[in-house]
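Source file: structure_19.txt; contents: compact mmCIF, C-alpha atoms.
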# COMPACT_ATOMS: atom_id res chain seq x y z
CA MET A 1 106.96 120.52 77.63
CA LEU A 2 109.28 123.53 77.57
CA ARG A 3 106.84 125.46 79.74
CA LEU A 4 106.71 122.58 82.22
CA TRP A 5 110.52 122.50 82.29
CA ARG A 6 110.71 126.20 83.01
CA TRP A 7 108.08 125.89 85.73
CA TYR A 8 110.03 123.08 87.38
CA GLN A 9 113.28 125.04 87.17
CA ASN A 10 111.57 128.02 88.76
CA CYS A 11 110.24 125.84 91.59
CA LEU A 12 113.72 124.40 92.04
CA ALA A 13 115.20 127.86 92.31
CA VAL A 14 112.57 129.26 94.69
CA HIS A 15 111.82 126.18 96.81
CA PRO A 16 114.62 123.63 96.20
CA PHE A 17 113.95 121.59 99.36
CA LYS A 18 110.18 121.22 98.85
CA THR A 19 110.56 120.67 95.11
CA GLN A 20 113.02 117.81 95.60
CA MET A 21 110.83 116.17 98.23
CA ILE A 22 107.70 116.25 96.08
CA SER A 23 109.42 115.27 92.83
CA SER A 24 111.31 112.42 94.50
CA GLY A 25 108.10 111.04 96.00
CA LEU A 26 106.33 111.11 92.63
CA ILE A 27 109.28 109.59 90.78
CA TRP A 28 109.75 106.73 93.22
CA GLY A 29 106.02 106.01 93.23
CA LEU A 30 105.93 105.83 89.44
CA GLY A 31 109.01 103.62 89.52
CA ASP A 32 107.27 101.13 91.79
CA ILE A 33 104.18 101.02 89.58
CA ALA A 34 106.48 100.22 86.66
CA ALA A 35 108.30 97.58 88.74
CA GLN A 36 105.06 95.87 89.71
CA SER A 37 103.97 95.86 86.06
CA ILE A 38 107.30 94.39 84.90
CA THR A 39 107.22 91.73 87.62
CA HIS A 40 103.64 90.79 86.75
CA TYR A 41 104.19 90.41 83.01
CA THR A 42 107.55 88.64 83.26
CA ALA A 43 106.62 86.15 85.99
CA LYS A 44 107.03 82.50 84.94
CA HIS A 45 103.60 81.64 86.28
CA HIS A 46 101.99 84.61 84.51
CA ARG A 47 98.94 83.87 82.45
CA ARG A 48 98.58 85.82 79.28
CA PHE A 49 95.23 87.37 80.11
CA SER A 50 95.62 87.69 83.88
CA GLU A 51 94.72 91.08 85.29
CA LEU A 52 97.37 93.38 86.68
CA LYS A 53 96.50 94.47 90.19
CA ILE A 54 98.65 97.27 91.52
CA ASN A 55 99.50 97.07 95.22
CA TRP A 56 98.64 100.67 96.09
CA LYS A 57 99.71 100.21 99.69
CA ARG A 58 103.19 99.40 98.45
CA VAL A 59 103.14 102.33 96.02
CA ALA A 60 102.20 104.63 98.91
CA ALA A 61 105.09 103.26 100.99
CA ILE A 62 107.58 103.77 98.14
CA THR A 63 106.25 107.27 97.53
CA LEU A 64 106.67 108.06 101.22
CA PHE A 65 110.26 106.81 101.06
CA GLY A 66 111.01 109.09 98.12
CA PHE A 67 109.28 112.02 99.78
CA GLY A 68 110.66 111.55 103.29
CA PHE A 69 114.15 110.20 102.66
CA VAL A 70 115.39 110.56 99.08
CA GLY A 71 114.26 114.15 98.55
CA PRO A 72 115.53 115.82 101.74
CA VAL A 73 118.57 113.60 102.34
CA ASP A 74 119.80 113.80 98.73
CA HIS A 75 119.31 117.55 98.77
CA PHE A 76 121.63 118.04 101.74
CA TRP A 77 124.00 115.27 100.69
CA TYR A 78 124.99 116.75 97.34
CA GLU A 79 125.23 120.28 98.71
CA THR A 80 127.41 119.13 101.62
CA LEU A 81 129.54 116.82 99.46
CA ASP A 82 130.36 119.64 97.07
CA HIS A 83 131.09 122.11 99.88
CA VAL A 84 133.43 119.77 101.74
CA ILE A 85 135.44 118.68 98.70
CA ARG A 86 135.56 122.13 97.16
CA PHE A 87 136.35 124.27 100.20
CA ARG A 88 137.70 121.98 102.93
CA LEU A 89 139.75 119.63 100.79
CA LYS A 90 140.41 122.55 98.40
CA MET A 91 140.24 120.50 95.20
CA GLN A 92 139.98 122.15 91.81
CA PRO A 93 136.33 122.00 90.64
CA ASN A 94 135.70 119.65 87.70
CA SER A 95 139.23 118.26 87.83
CA PHE A 96 139.72 114.51 87.59
CA ARG A 97 140.61 114.30 91.28
CA PHE A 98 137.58 116.39 92.24
CA VAL A 99 135.13 114.21 90.29
CA ALA A 100 136.79 110.92 91.29
CA THR A 101 136.67 111.85 94.98
CA LYS A 102 132.99 112.72 94.75
CA VAL A 103 132.17 109.47 92.96
CA ALA A 104 134.16 107.42 95.48
CA VAL A 105 132.65 109.07 98.56
CA ASP A 106 129.14 108.90 97.11
CA GLY A 107 129.51 105.23 96.21
CA ILE A 108 131.17 104.11 99.45
CA ILE A 109 129.06 106.08 101.92
CA PHE A 110 125.74 107.11 100.44
CA GLY A 111 125.12 104.17 98.10
CA PRO A 112 125.08 101.42 100.76
CA LEU A 113 123.22 103.69 103.21
CA ASP A 114 120.51 104.42 100.66
CA LEU A 115 120.00 100.72 99.93
CA LEU A 116 120.04 99.77 103.61
CA VAL A 117 117.40 102.35 104.47
CA PHE A 118 115.27 101.40 101.48
CA PHE A 119 115.09 97.68 102.20
CA SER A 120 114.66 98.26 105.95
CA PHE A 121 111.90 100.79 105.41
CA MET A 122 110.05 98.49 103.01
CA GLY A 123 110.23 95.71 105.56
CA PHE A 124 108.65 97.86 108.26
CA ALA A 125 106.10 99.25 105.79
CA ASN A 126 105.01 95.68 104.97
CA GLY A 127 104.58 94.88 108.66
CA LYS A 128 107.48 92.44 108.90
CA ALA A 129 109.23 91.61 112.16
CA VAL A 130 112.78 92.80 112.77
CA PRO A 131 114.37 89.32 112.37
CA GLN A 132 112.64 88.89 109.00
CA ILE A 133 113.76 92.36 107.90
CA LYS A 134 117.35 91.48 108.76
CA GLU A 135 117.12 88.34 106.63
CA ASP A 136 115.59 90.29 103.74
CA VAL A 137 118.34 92.90 103.93
CA LYS A 138 121.01 90.18 103.86
CA ARG A 139 119.27 88.65 100.86
CA ASP A 140 118.71 91.83 98.85
CA LEU A 141 121.48 94.28 99.81
CA ILE A 142 124.52 92.63 98.21
CA PRO A 143 122.87 91.76 94.85
CA ALA A 144 121.47 95.30 94.54
CA LEU A 145 124.75 96.89 95.62
CA ILE A 146 126.79 94.88 93.11
CA THR A 147 124.38 95.52 90.25
CA GLU A 148 124.12 99.24 90.96
CA GLY A 149 127.86 99.44 91.54
CA GLY A 150 128.44 98.90 87.84
CA ILE A 151 126.07 101.66 86.76
CA TRP A 152 125.88 104.52 89.25
CA PRO A 153 129.60 105.43 89.30
CA ILE A 154 129.42 106.15 85.57
CA LEU A 155 126.24 108.18 85.92
CA GLN A 156 127.61 110.09 88.88
CA ALA A 157 130.92 110.82 87.14
CA ALA A 158 128.98 112.58 84.38
CA ASN A 159 126.79 114.27 86.99
CA PHE A 160 129.67 115.66 89.06
CA ARG A 161 131.66 116.68 85.98
CA PHE A 162 129.10 118.37 83.77
CA VAL A 163 126.02 119.23 85.86
CA PRO A 164 125.97 122.29 88.16
CA VAL A 165 125.37 121.49 91.84
CA ARG A 166 122.00 123.23 91.71
CA ASN A 167 120.75 120.78 89.07
CA GLN A 168 122.51 117.61 90.21
CA LEU A 169 119.44 116.39 92.08
CA LEU A 170 117.32 116.90 88.97
CA TYR A 171 119.78 114.72 87.05
CA VAL A 172 119.76 112.09 89.79
CA ASN A 173 115.97 112.13 90.05
CA PHE A 174 115.69 111.33 86.36
CA PHE A 175 117.73 108.18 86.78
CA CYS A 176 115.99 107.46 90.10
CA LEU A 177 112.89 106.60 88.06
CA LEU A 178 114.83 103.66 86.65
CA ASP A 179 116.63 103.03 89.92
CA SER A 180 113.45 102.92 91.99
CA CYS A 181 111.96 100.56 89.42
CA PHE A 182 115.02 98.32 89.71
CA LEU A 183 115.11 98.35 93.53
CA SER A 184 111.40 97.64 93.76
CA TRP A 185 111.85 94.74 91.34
CA VAL A 186 114.77 93.37 93.40
CA GLU A 187 112.73 93.61 96.61
CA GLN A 188 109.80 91.80 94.98
CA GLN A 189 112.02 88.99 93.68
CA GLU A 190 112.34 87.58 97.22
CA ASP A 191 114.31 84.28 97.03
CA ALA A 192 114.89 84.33 93.28
CA PRO A 193 117.47 81.80 91.98
CA TRP A 194 119.84 84.53 90.75
CA LYS A 195 119.96 86.03 94.25
CA GLN A 196 120.70 82.66 95.82
CA TRP A 197 123.43 81.97 93.27
CA LEU A 198 125.07 85.36 93.79
CA THR A 199 124.94 85.09 97.57
CA SER A 200 126.38 81.55 97.48
CA PHE A 201 129.12 82.63 95.06
CA LEU A 202 130.19 85.52 97.29
CA HIS A 203 130.09 83.24 100.33
CA LEU A 204 132.36 80.70 98.59
CA GLU A 205 134.75 83.43 97.45
CA GLY A 206 134.92 84.70 101.03
CA LYS A 207 135.83 81.23 102.28
CA LYS A 208 138.52 80.91 99.62
CA GLY A 209 139.96 84.24 100.66
CA GLN A 210 140.05 83.21 104.30
CA GLY A 211 141.59 79.87 103.40
CA GLY A 212 144.27 81.50 101.26
Any chance you could give the structure as structure tokens?
Amino acid sequence: MLRLWRWYQNCLAVHPFKTQMISSGLIWGLGDIAAQSITHYTAKHHRRFSELKINWKRVAAITLFGFGFVGPVDHFWYETLDHVIRFRLKMQPNSFRFVATKVAVDGIIFGPLDLLVFFSFMGFANGKAVPQIKEDVKRDLIPALITEGGIWPILQAANFRFVPVRNQLLYVNFFCLLDSCFLSWVEQQEDAPWKQWLTSFLHLEGKKGQGG
């Protein structure tokens, strides 16, 4: 295991861009396999001895998303974010303001963009029409954003405070295994009752706010 770790670190140092693309693709693919397994064995209509059939077309699409979007975009995002806040805004590295600004910018800009691209890409990968993709995004985006909003800021605060920029993607990719599993599960839930309840609740709260 230690040898594998050293090999990965060496690849990250020599070929950071390629390493992040390949590792992200593998991680997101594994996450989707886990998500399909969880969905299969927790479904209400699941029969105890029913056979699990992995949708390999979907796994390939998720892997492509990790390889083509998460890897390269995350690579440049974290490098650029650190450069701008450190040198243009001239904030003291690892200070509370430095970390808080990174977490805020990452959560407000990159978080929603990442989710939007993910759900849109999966819609196109599944051969859905644009109107259907828009409906799916409306259905899935807010529940995923709210759920992740309570977790990722904490993870990213630790990331930006304690992990060197060079290794921040490695840290993120570790949690992306769980994140990709979660997002895949959300996308597979379709019109689950909890999504409908959450969407209706937010809609009612919005009406109350407008009325007040």
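The nearest approach to His83 of chain A among the residues A:Ile109, A:Val165, A:Val130, A:Leu177, with only C-alpha atoms taken into account, belongs to A:Val165.
We find atom CA of His15 of chain A and atom CA of Phe76 of chain A to be spaced 13.7 Å apart.
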Name the closest residue to Val84 of chain A among the candidates A:Phe124, A:Arg97, A:Gly31, A:Lys102; distances are taken between atoms, counting only C-alpha atoms. A:Lys102
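Restricting the calculation to all atoms listed in the file, the smallest distance between Trp5 of chain A and any of A:Thr80, A:Gln156, A:Leu170, A:Ala60 is found for A:Leu170.
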Just give me the residues with any atom within 12 Å of (122.8, 98.6, 105.0), file coordinates, counting all atoms listed in the file, written as a PyMOL selection string. chain A and resi 108-121+133-142+144-145
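Shortest separation to Phe65 of chain A among A:Trp28, A:Phe17, A:Tyr8, A:Trp152 occurs at residue A:Trp28, atoms counted being only C-alpha atoms.
In this model, the gap between atom CA of Ala61 of chain A and atom CA of Ala35 of chain A comes to 13.9 Å.
Comparing A:Met21, A:Val172, A:Leu2, A:Cys11 by their smallest distance to Thr63 of chain A, the closest is A:Met21 (using only C-alpha atoms).
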